[in-house]
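Let me begin by presenting the structure, written as structure tokens, before commenting on it.
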Amino acid sequence: MATLDLENPKPMRGDALRDEAGNLLSVRYGRPIREEIVLGKKVDLHFVKAEFGKTTHIFVEAKDYAKPLSRDQVTNIWADYSGLVERHQPAFLLLVTRNGLAPGAQAYVNAEQAAMRHQTIWELENETLGLTDYVRSLTGLFDEDGLSHYYVESVGRAIHYGEDHQRIDASPATDLFAALQSWIVSDDPRPVAVLGGYGAGKTSLARRLVAAQARAALADPLARRPVLVRLGEMSRYSGIEGLLGGMFTYDFPVDGFNAHRFLDLNAKGRLLIVLDGFDEMKHAMSWADFRHQIQDLNRFTGNAAKVVLLGRPSAFTSTDEHFHVLRGLKRWDGGYRRLPDWPEFIEYELCEFTREERSRFVAGYLAHRARPRLGAGEDHDRWISQRVEEVDRLADADPDLFGKPVHAKILVDMAADPQVDLNRFADGLTRWGLYEVFFQSLAERETERAARRPIAEPARLDFLREVAFWLWTEMGGATSFAAADLPDRLLAGLPQGDASDMDTLKREYLTGSFLEKKSGDIYYFGHRSFAEYLVAERMVSKTPSPTEQSVYSGLVRDGVLTFLREAPDKEKFRRWLETISNAQGDLHVEYLVFLSYVLGGRDPLSAALVDTSIWRPILDVFEPDMTLNGHAPHRIVDAMRTENNNLFFLLLSLLLYQAPRLNGRQADYCAMIAAALLDRVFTRTTVDEPSRRAYVEADGNAARQLAQIVVPEIESGLADRELVFRGGALIREKTDKLRQVGVDLTFHPPNTLLALPNEMRISWSIVLSHMSREGRDAATRFFRVANGMNSVFTKNIKPPSRAVKRG
């Protein structure tokens, strides 16, 4: 049981207990009269409650004593109020204390004075919020789906950072449930973040923690009341008031729920807020929206509040985002600055199962799944024991794969069916193979039902793939949706079975789709990895159109990428290359890296492209394993001397995203870009020194026009001639030209771009040092007699005539 000092770190003195009681009771009974003299007695609080035509008077006496009140103290209080209560019938006296009553005093109130009530301030808080039934419902969370029978305690490591903000991996593994329970009763005001990849057991830990705290709260009125908030629902509401209102108005109705009072009691240390699934909230939001929502959620923290946040670290696409949200640090002037009023979380990272933990989980979960089907008996117990050994042997073949609880769980789900022959996995099992067999077995069982037979299993799986693909491409990666929002086109071409209209067809596919259902018409995938696998499977099965190349490029990341890497038929990815040469939209560099991976490297990928593909020269700047090392920027600049303007700008995009490798050498790389621009012109230029002009071949006209915009002239400096470099103009030209052809090259997540200055003076000698010999010689001859690119013309375009001044 928590101590009074921990539960009430700032004891109420003077009129504070009275005022707090008045605030709580006012939620039910309206504004009280304070310190009123009634029949010569000064009353702490007086409420008048009108109900069904009658008026009830409620007199309140607040006593903030350090110890429980004795029987004598309580009888004296009643003696002071008994006349008031008798004269104002119906009426009663409510005695509010901080530390309760002694046993004799409590017996006096309960058995001897029918018109007297007693509550501690904490009990009054609970009655005011009306969370008792809600808290009672949470006690069963750990038992839902039999979780308590097979749960293996979550193990994690605390995440620490050094003075240089680098992570320090030296923390020992710890029992997270025990660590969180110790933190709950501690004085540490910091919130806790529990991070783990998909299927690592975050939600199971949340259910374990919330259920245990709910039992403690029902046994001890001083214990914190747990509140579980599933953040996947956050996008439905505009803020935490809306979120809380939705929870306690629709999901779990609480009469007279008041969000302001809820937040006030939370700040006073009466609640434990568990926020589960912040990554699901992020998938439906931009970084700006996500940051705003987290800032709103931070209102749960502070003072005596206790908040636990659980989610995937992949919700953060950069270290800066991670530090911003969980450490309250914002990138600033080469370092970080602390954000005001932003909490710093205690961070834990969930560990995957050890072999011993996985084996315990398999034994417990298999018995839970198989026993209802098999029944009791020695033969059945023997079968379960043998099956556990089979599953363990399979899992031992790939301990990394089955160290994740969700993978072990899927394997056991199949093993629990006696008709599944586990020998089929004797040659090993990948994530792809595991999920493939899992969904096939689900579909087979579904179509065994007579009502489902008109629609066969392939169609049901096709439907699931299209739903997952729709959620990932149009709904921001959400895992849930309203049935009314499901587009009709997702069912186009699918068998209709016995359905007579679209609504009936949707209902049939949804009912037999293995999707789970929430209250109302909300359907969802039971685990995010299920949707990720289905998205990957759908991508492998269909060749993208030129416009879909950009869509596929954006999907090849996170869990989808993990599955795609394990797709059994790598040759299917060659079909993706049929349309990549005329792709439209953004293509991520990581997309090209993935394609090289599945085809065996850079060279096989390049060979698989058509000869005229614009992506071949792009690939040449990479190493054979598709890495970009320290030589990459120089290779990129060399390739930028191409005649093709579109290729030039795509290579420029690649160079700009190499900023982390450039180590602040902005001027050097501006000089290299200027050299590439001039090389493109002067390697195909004839210089006419007498006329102070130069003439470029017709195929170099686009290069000439760009150079005239970006490097228009040379000026004389104090010690050296200087080239004017207009970086802002170059970026505008790049954006416009690539938009016209409908393709761009990006990174995901985006790195910090190399910032090109709007205008910079660059030493002419440095620019020359980066040019080819042919371009350098021609440029030197030209700029010896001319100062700007305006004197460079295309051969088939005559220079403007000069007026002759007549005397």
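Each chain of the structure tokens is named A, B, ... in the order shown, its residues numbered from 1; ligands are numbered from 1 in display order.
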For this session: Find the spatial neighbours of stretch 108-110 of chain A, counting only C-alpha atoms, within a cut-off of 12 Å - ignore same-chain residues fewer than 2 positions away - and output them as a list of chain:residue names.
Result: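 Surrounding residues, per the criterion: A:Leu69, A:Ser70, A:Arg71, A:Asp72, A:Gln73, A:Val74, A:Thr75, A:Asn76, A:Ile77, A:Trp78, A:Phe92, A:Leu93, A:Leu94, A:Leu95, A:Gly100, A:Leu101, A:Ala102, A:Pro103, A:Gly104, A:Ala105, A:Gln106, A:Glu112, A:Gln113, A:Ala114, A:Ala115, A:Met116, A:Arg117, A:His118, A:Gln119.
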For this session: Apply DSSP to the backbone of this structure and, from stretch 293-409 of chain A, keep only the residues in strand (DSSP E or B); write these as a list in words.
Result: Lys306, Val307, Val308, Leu309, Leu310, Gly311, Leu329, Lys330, Arg331, Trp332, Gly335, Tyr336, Arg337, Arg338, Ile346, Glu347, Tyr348, Glu349 and Leu350 of chain A
Problem set entry | Expected answer as an MDAnalysis selection string: helix (DSSP H, G or I) residues in stretch 9-247 of chain A | chainID A and resid 16:29 71:87 103:112 121:129 132:138 141:150 176:184 202:219 231:236 240:247
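Pairwise distance (atom CA of A:Arg291, atom CA of A:Ser238) equals 13.6 Å.
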Exercise. Pick from A:Ser772, A:Ser545, A:Asn644, A:Ser553: nearest to A:Thr579, with only C-alpha atoms counted?
Worked result: A:Ser545
For this session: Pick out the residues sitting within 8 Å of A:Phe278, and hand them over as an MDAnalysis selection string; count only C-alpha atoms, and ignore anything fewer than 5 positions along from it in its own chain.
Result: chainID A and resid 231:232 309:312 315
Would you output that residue set with N, CA and C atoms, as a PDB file, in the first residue's frame?
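The resulting file, out-v2.pdb, is reproduced below:
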ATOM      1  N   LEU A 231      -3.720   5.131 -28.161  1.00  0.00           N
ATOM      2  CA  LEU A 231      -3.456   6.333 -28.953  1.00  0.00           C
ATOM      3  C   LEU A 231      -3.768   6.159 -30.431  1.00  0.00           C
ATOM      4  N   GLY A 232      -4.029   4.944 -30.866  1.00  0.00           N
ATOM      5  CA  GLY A 232      -4.455   4.761 -32.240  1.00  0.00           C
ATOM      6  C   GLY A 232      -5.753   5.483 -32.532  1.00  0.00           C
ATOM      7  N   LEU A 309       4.314   5.794 -21.541  1.00  0.00           N
ATOM      8  CA  LEU A 309       4.091   5.884 -22.981  1.00  0.00           C
ATOM      9  C   LEU A 309       4.735   4.671 -23.642  1.00  0.00           C
ATOM     10  N   LEU A 310       3.970   3.944 -24.475  1.00  0.00           N
ATOM     11  CA  LEU A 310       4.503   2.761 -25.139  1.00  0.00           C
ATOM     12  C   LEU A 310       4.342   2.889 -26.648  1.00  0.00           C
ATOM     13  N   GLY A 311       5.336   2.437 -27.403  1.00  0.00           N
ATOM     14  CA  GLY A 311       5.234   2.488 -28.858  1.00  0.00           C
ATOM     15  C   GLY A 311       6.511   2.048 -29.533  1.00  0.00           C
ATOM     16  N   ARG A 312       6.449   2.030 -30.848  1.00  0.00           N
ATOM     17  CA  ARG A 312       7.604   1.627 -31.651  1.00  0.00           C
ATOM     18  C   ARG A 312       8.573   2.791 -31.819  1.00  0.00           C
ATOM     19  N   ALA A 315       8.529   5.083 -35.029  1.00  0.00           N
ATOM     20  CA  ALA A 315       7.678   6.266 -35.209  1.00  0.00           C
ATOM     21  C   ALA A 315       8.534   7.516 -35.406  1.00  0.00           C
TER      22      ALA A 315
END
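The coordinates place atom CA of A:His292 at 19.3 Å from atom CA of A:Val192.
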Exercise. Which neighbours of A:Asp569 fall inside 10 Å, counting only C-alpha atoms, when residues of the same chain fewer than 4 positions from it are skipped, and could you give them as a PyMOL selection string?
Worked result: chain A and resi 540+573+598
Same residues, all heavy atoms, saved as a PDB file, in the first residue's frame:
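Contents of result-v1.pdb, freshly written:
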ATOM      1  N   VAL A 540       4.449  -7.519 -54.268  1.00  0.00           N
ATOM      2  CA  VAL A 540       5.170  -8.539 -55.023  1.00  0.00           C
ATOM      3  C   VAL A 540       4.307  -9.084 -56.160  1.00  0.00           C
ATOM      4  O   VAL A 540       4.802  -9.416 -57.239  1.00  0.00           O
ATOM      5  CB  VAL A 540       5.619  -9.676 -54.088  1.00  0.00           C
ATOM      6  CG1 VAL A 540       6.164 -10.857 -54.883  1.00  0.00           C
ATOM      7  CG2 VAL A 540       6.681  -9.167 -53.118  1.00  0.00           C
ATOM      8  N   PHE A 573      10.649  -9.322 -58.700  1.00  0.00           N
ATOM      9  CA  PHE A 573      10.984  -7.900 -58.603  1.00  0.00           C
ATOM     10  C   PHE A 573      11.506  -7.359 -59.922  1.00  0.00           C
ATOM     11  O   PHE A 573      11.552  -6.142 -60.121  1.00  0.00           O
ATOM     12  CB  PHE A 573      12.005  -7.682 -57.487  1.00  0.00           C
ATOM     13  CG  PHE A 573      11.457  -7.935 -56.116  1.00  0.00           C
ATOM     14  CD1 PHE A 573      11.797  -9.088 -55.413  1.00  0.00           C
ATOM     15  CD2 PHE A 573      10.576  -7.044 -55.529  1.00  0.00           C
ATOM     16  CE1 PHE A 573      11.289  -9.333 -54.150  1.00  0.00           C
ATOM     17  CE2 PHE A 573      10.052  -7.286 -54.268  1.00  0.00           C
ATOM     18  CZ  PHE A 573      10.407  -8.432 -53.580  1.00  0.00           C
ATOM     19  N   VAL A 598      17.704  -7.269 -53.860  1.00  0.00           N
ATOM     20  CA  VAL A 598      16.965  -8.463 -54.262  1.00  0.00           C
ATOM     21  C   VAL A 598      17.501  -9.038 -55.580  1.00  0.00           C
ATOM     22  O   VAL A 598      17.306 -10.233 -55.861  1.00  0.00           O
ATOM     23  CB  VAL A 598      15.454  -8.191 -54.382  1.00  0.00           C
ATOM     24  CG1 VAL A 598      14.876  -7.849 -53.025  1.00  0.00           C
ATOM     25  CG2 VAL A 598      15.154  -7.081 -55.385  1.00  0.00           C
TER      26      VAL A 598
END
Seminar exercise, completed: One decimal place gives the atom CA of A:Leu222-atom CA of A:Phe248 separation as 22.1 Å
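Of the residues under consideration (A:Tyr151, A:Arg684, A:Thr746, A:Leu723), A:Arg684 shows the shortest atom-to-atom contact distance to A:Gly775 when counting only C-alpha atoms.
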Problem set entry | Contact residues around stretch 41-47 of chain A with only C-alpha atoms at 10 Å, ignoring same-chain residues under 4 positions, as a ChimeraX atom specification | /A:15,18-19,21-22,25-26,28-37,56-63,80-81,83-84,91,93-94
Residues as selected, N, CA, C and O atoms, written as a compact mmCIF listing (two decimals), in the first residue's frame, can you do that?
# COMPACT_ATOMS: atom_id res chain seq x y z
N ASP A 15 -7.73 25.99 4.85
CA ASP A 15 -8.99 25.81 4.14
C ASP A 15 -8.84 24.96 2.87
O ASP A 15 -9.81 24.80 2.13
N ARG A 18 -11.16 21.88 2.65
CA ARG A 18 -12.53 22.34 2.44
C ARG A 18 -12.74 22.76 0.99
O ARG A 18 -13.72 22.38 0.34
N ASP A 19 -11.79 23.56 0.46
CA ASP A 19 -11.93 24.05 -0.91
C ASP A 19 -11.88 22.92 -1.92
O ASP A 19 -12.62 22.91 -2.91
N ALA A 21 -12.74 19.77 -1.39
CA ALA A 21 -14.02 19.06 -1.28
C ALA A 21 -15.12 19.84 -1.99
O ALA A 21 -15.98 19.27 -2.67
N GLY A 22 -15.10 21.16 -1.84
CA GLY A 22 -16.10 21.98 -2.51
C GLY A 22 -16.00 21.88 -4.02
O GLY A 22 -17.01 21.79 -4.73
N LEU A 25 -17.35 18.32 -5.04
CA LEU A 25 -18.80 18.18 -4.88
C LEU A 25 -19.57 19.10 -5.82
O LEU A 25 -20.71 18.81 -6.20
N SER A 26 -18.94 20.21 -6.21
CA SER A 26 -19.63 21.14 -7.10
C SER A 26 -19.90 20.53 -8.47
O SER A 26 -20.80 20.97 -9.18
N ARG A 28 -21.15 17.71 -8.93
CA ARG A 28 -22.46 17.05 -8.79
C ARG A 28 -23.57 18.00 -8.39
O ARG A 28 -24.68 17.95 -8.91
N TYR A 29 -23.25 18.88 -7.43
CA TYR A 29 -24.32 19.61 -6.77
C TYR A 29 -24.33 21.11 -7.05
O TYR A 29 -25.12 21.85 -6.47
N GLY A 30 -23.43 21.56 -7.94
CA GLY A 30 -23.40 22.98 -8.24
C GLY A 30 -22.54 23.76 -7.25
O GLY A 30 -21.87 23.21 -6.38
N ARG A 31 -22.60 25.08 -7.36
CA ARG A 31 -21.75 25.94 -6.54
C ARG A 31 -22.19 25.90 -5.07
O ARG A 31 -23.37 26.07 -4.75
N PRO A 32 -21.26 25.70 -4.13
CA PRO A 32 -21.63 25.67 -2.71
C PRO A 32 -21.62 27.05 -2.07
O PRO A 32 -21.06 28.00 -2.62
N ILE A 33 -22.24 27.14 -0.92
CA ILE A 33 -22.12 28.32 -0.07
C ILE A 33 -21.01 28.00 0.92
O ILE A 33 -21.07 27.00 1.64
N ARG A 34 -19.97 28.85 1.00
CA ARG A 34 -18.82 28.58 1.85
C ARG A 34 -18.89 29.43 3.13
O ARG A 34 -19.29 30.58 3.10
N GLU A 35 -18.50 28.82 4.23
CA GLU A 35 -18.42 29.50 5.52
C GLU A 35 -19.72 30.22 5.86
O GLU A 35 -19.74 31.37 6.33
N GLU A 36 -20.85 29.56 5.63
CA GLU A 36 -22.16 30.15 5.89
C GLU A 36 -22.53 29.97 7.37
O GLU A 36 -22.27 28.92 7.97
N ILE A 37 -23.15 31.00 7.96
CA ILE A 37 -23.66 30.89 9.33
C ILE A 37 -25.11 30.43 9.24
O ILE A 37 -25.98 31.14 8.70
N THR A 56 -32.84 18.82 -1.07
CA THR A 56 -32.02 18.17 -0.05
C THR A 56 -30.87 19.09 0.31
O THR A 56 -30.20 19.63 -0.57
N HIS A 57 -30.65 19.26 1.61
CA HIS A 57 -29.55 20.07 2.10
C HIS A 57 -28.37 19.17 2.46
O HIS A 57 -28.55 18.17 3.17
N ILE A 58 -27.19 19.53 1.97
CA ILE A 58 -25.98 18.77 2.27
C ILE A 58 -25.01 19.71 2.97
O ILE A 58 -24.55 20.69 2.38
N PHE A 59 -24.76 19.42 4.23
CA PHE A 59 -23.80 20.20 5.01
C PHE A 59 -22.48 19.42 5.02
O PHE A 59 -22.47 18.20 5.18
N VAL A 60 -21.39 20.14 4.83
CA VAL A 60 -20.08 19.50 4.74
C VAL A 60 -19.16 20.09 5.78
O VAL A 60 -19.03 21.32 5.90
N GLU A 61 -18.53 19.20 6.54
CA GLU A 61 -17.50 19.59 7.51
C GLU A 61 -16.20 18.93 7.07
O GLU A 61 -16.13 17.70 6.91
N ALA A 62 -15.15 19.75 6.86
CA ALA A 62 -13.85 19.21 6.44
C ALA A 62 -12.88 19.26 7.60
O ALA A 62 -12.70 20.31 8.23
N LYS A 63 -12.24 18.11 7.90
CA LYS A 63 -11.27 18.02 8.99
C LYS A 63 -9.97 17.45 8.45
O LYS A 63 -9.89 16.28 8.08
N ASP A 80 -22.55 19.32 16.97
CA ASP A 80 -22.61 20.68 16.42
C ASP A 80 -23.60 20.79 15.27
O ASP A 80 -24.19 21.85 15.05
N TYR A 81 -23.78 19.71 14.52
CA TYR A 81 -24.58 19.78 13.30
C TYR A 81 -25.96 19.16 13.41
O TYR A 81 -26.79 19.34 12.52
N GLY A 83 -28.64 19.73 15.09
CA GLY A 83 -29.77 20.64 15.03
C GLY A 83 -30.03 21.15 13.63
O GLY A 83 -31.19 21.25 13.19
N LEU A 84 -28.96 21.47 12.88
CA LEU A 84 -29.11 21.94 11.49
C LEU A 84 -29.75 20.86 10.62
O LEU A 84 -30.66 21.14 9.83
N ALA A 91 -31.98 16.21 4.89
CA ALA A 91 -30.63 16.75 4.94
C ALA A 91 -29.70 15.71 5.54
O ALA A 91 -30.14 14.75 6.19
N LEU A 93 -25.25 15.31 6.91
CA LEU A 93 -23.94 15.89 7.13
C LEU A 93 -22.89 14.97 6.49
O LEU A 93 -22.88 13.77 6.75
N LEU A 94 -22.05 15.55 5.66
CA LEU A 94 -20.93 14.81 5.07
C LEU A 94 -19.65 15.27 5.75
O LEU A 94 -19.29 16.45 5.69
Problem set entry | A:Phe469, A:Trp615, A:Tyr435, A:Phe142 ranked by distance to A:Met539, top pick (using only C-alpha atoms) |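 For A:Met539, the nearest of the candidates is A:Phe469.
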Problem set entry | Distance query A:Ile636 at most 8 Å, only C-alpha atoms, self and fewer than 2 positions along chain excluded, as a ChimeraX atom specification | /A:621,632-634,638-640,651-652,654-655
Could you take the residues named above and write them with C-alpha atoms, as an mmCIF file, in the first residue's frame?
data_model
loop_
_atom_site.group_PDB
_atom_site.id
_atom_site.type_symbol
_atom_site.label_atom_id
_atom_site.label_comp_id
_atom_site.auth_asym_id
_atom_site.auth_seq_id
_atom_site.Cartn_x
_atom_site.Cartn_y
_atom_site.Cartn_z
ATOM 1 C CA VAL A 621 28.025 6.629 -58.294
ATOM 2 C CA ALA A 632 30.463 9.429 -53.622
ATOM 3 C CA PRO A 633 30.289 13.264 -53.764
ATOM 4 C CA HIS A 634 33.197 13.399 -56.236
ATOM 5 C CA ASP A 638 31.844 13.863 -62.245
ATOM 6 C CA ALA A 639 28.549 12.368 -63.451
ATOM 7 C CA MET A 640 26.895 15.801 -63.346
ATOM 8 C CA LEU A 651 22.494 13.856 -59.553
ATOM 9 C CA LEU A 652 22.344 17.270 -57.901
ATOM 10 C CA LEU A 654 21.810 13.058 -54.695
ATOM 11 C CA LEU A 655 24.678 15.422 -53.917
#
Which residues are near A:Arg299? Cut-off 10 Å, only C-alpha atoms, ignore same chain within fewer than 2 positions. Put them as a PDB file with C-alpha atoms, in the first residue's frame.
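Saved result, part_5.pdb, follows:
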ATOM      1  CA  ILE A 240      -6.942  15.245 -24.956  1.00  0.00           C
ATOM      2  CA  LEU A 263      -6.622  16.492 -15.390  1.00  0.00           C
ATOM      3  CA  ASN A 266      -4.077  13.500 -12.375  1.00  0.00           C
ATOM      4  CA  ALA A 267      -1.740  16.404 -11.552  1.00  0.00           C
ATOM      5  CA  ILE A 294       2.591  14.867 -28.269  1.00  0.00           C
ATOM      6  CA  GLN A 295       2.773  18.393 -26.871  1.00  0.00           C
ATOM      7  CA  ASP A 296      -0.921  18.104 -26.046  1.00  0.00           C
ATOM      8  CA  LEU A 297      -0.383  14.685 -24.436  1.00  0.00           C
ATOM      9  CA  THR A 301       2.657  14.894 -17.220  1.00  0.00           C
ATOM     10  CA  GLY A 302       4.048  17.145 -14.500  1.00  0.00           C
ATOM     11  CA  ALA A 305       1.386  12.705 -12.352  1.00  0.00           C
ATOM     12  CA  ASP A 341       7.842  22.829 -20.277  1.00  0.00           C
ATOM     13  CA  TRP A 342       8.665  19.624 -22.154  1.00  0.00           C
ATOM     14  CA  PRO A 343       9.249  16.521 -20.006  1.00  0.00           C
TER      15      PRO A 343
END
Counting only C-alpha atoms, give me one row per residue of stretch 357-397 of chain A with an atom at most 8 Å from an atom of stretch 413-419 of chain A, showing the shortest contact pair and its distance in Å to one decimal, sorted by chain then residue number, as a tab-separated table.
residue	atom	partner	partner_atom	distance
A:Leu366	CA	A:Ala416	CA	6.0
A:Arg369	CA	A:Ala416	CA	6.0
A:Ala370	CA	A:Ala416	CA	5.0
A:Arg387	CA	A:Ala415	CA	7.1
A:Val391	CA	A:Ala415	CA	7.2
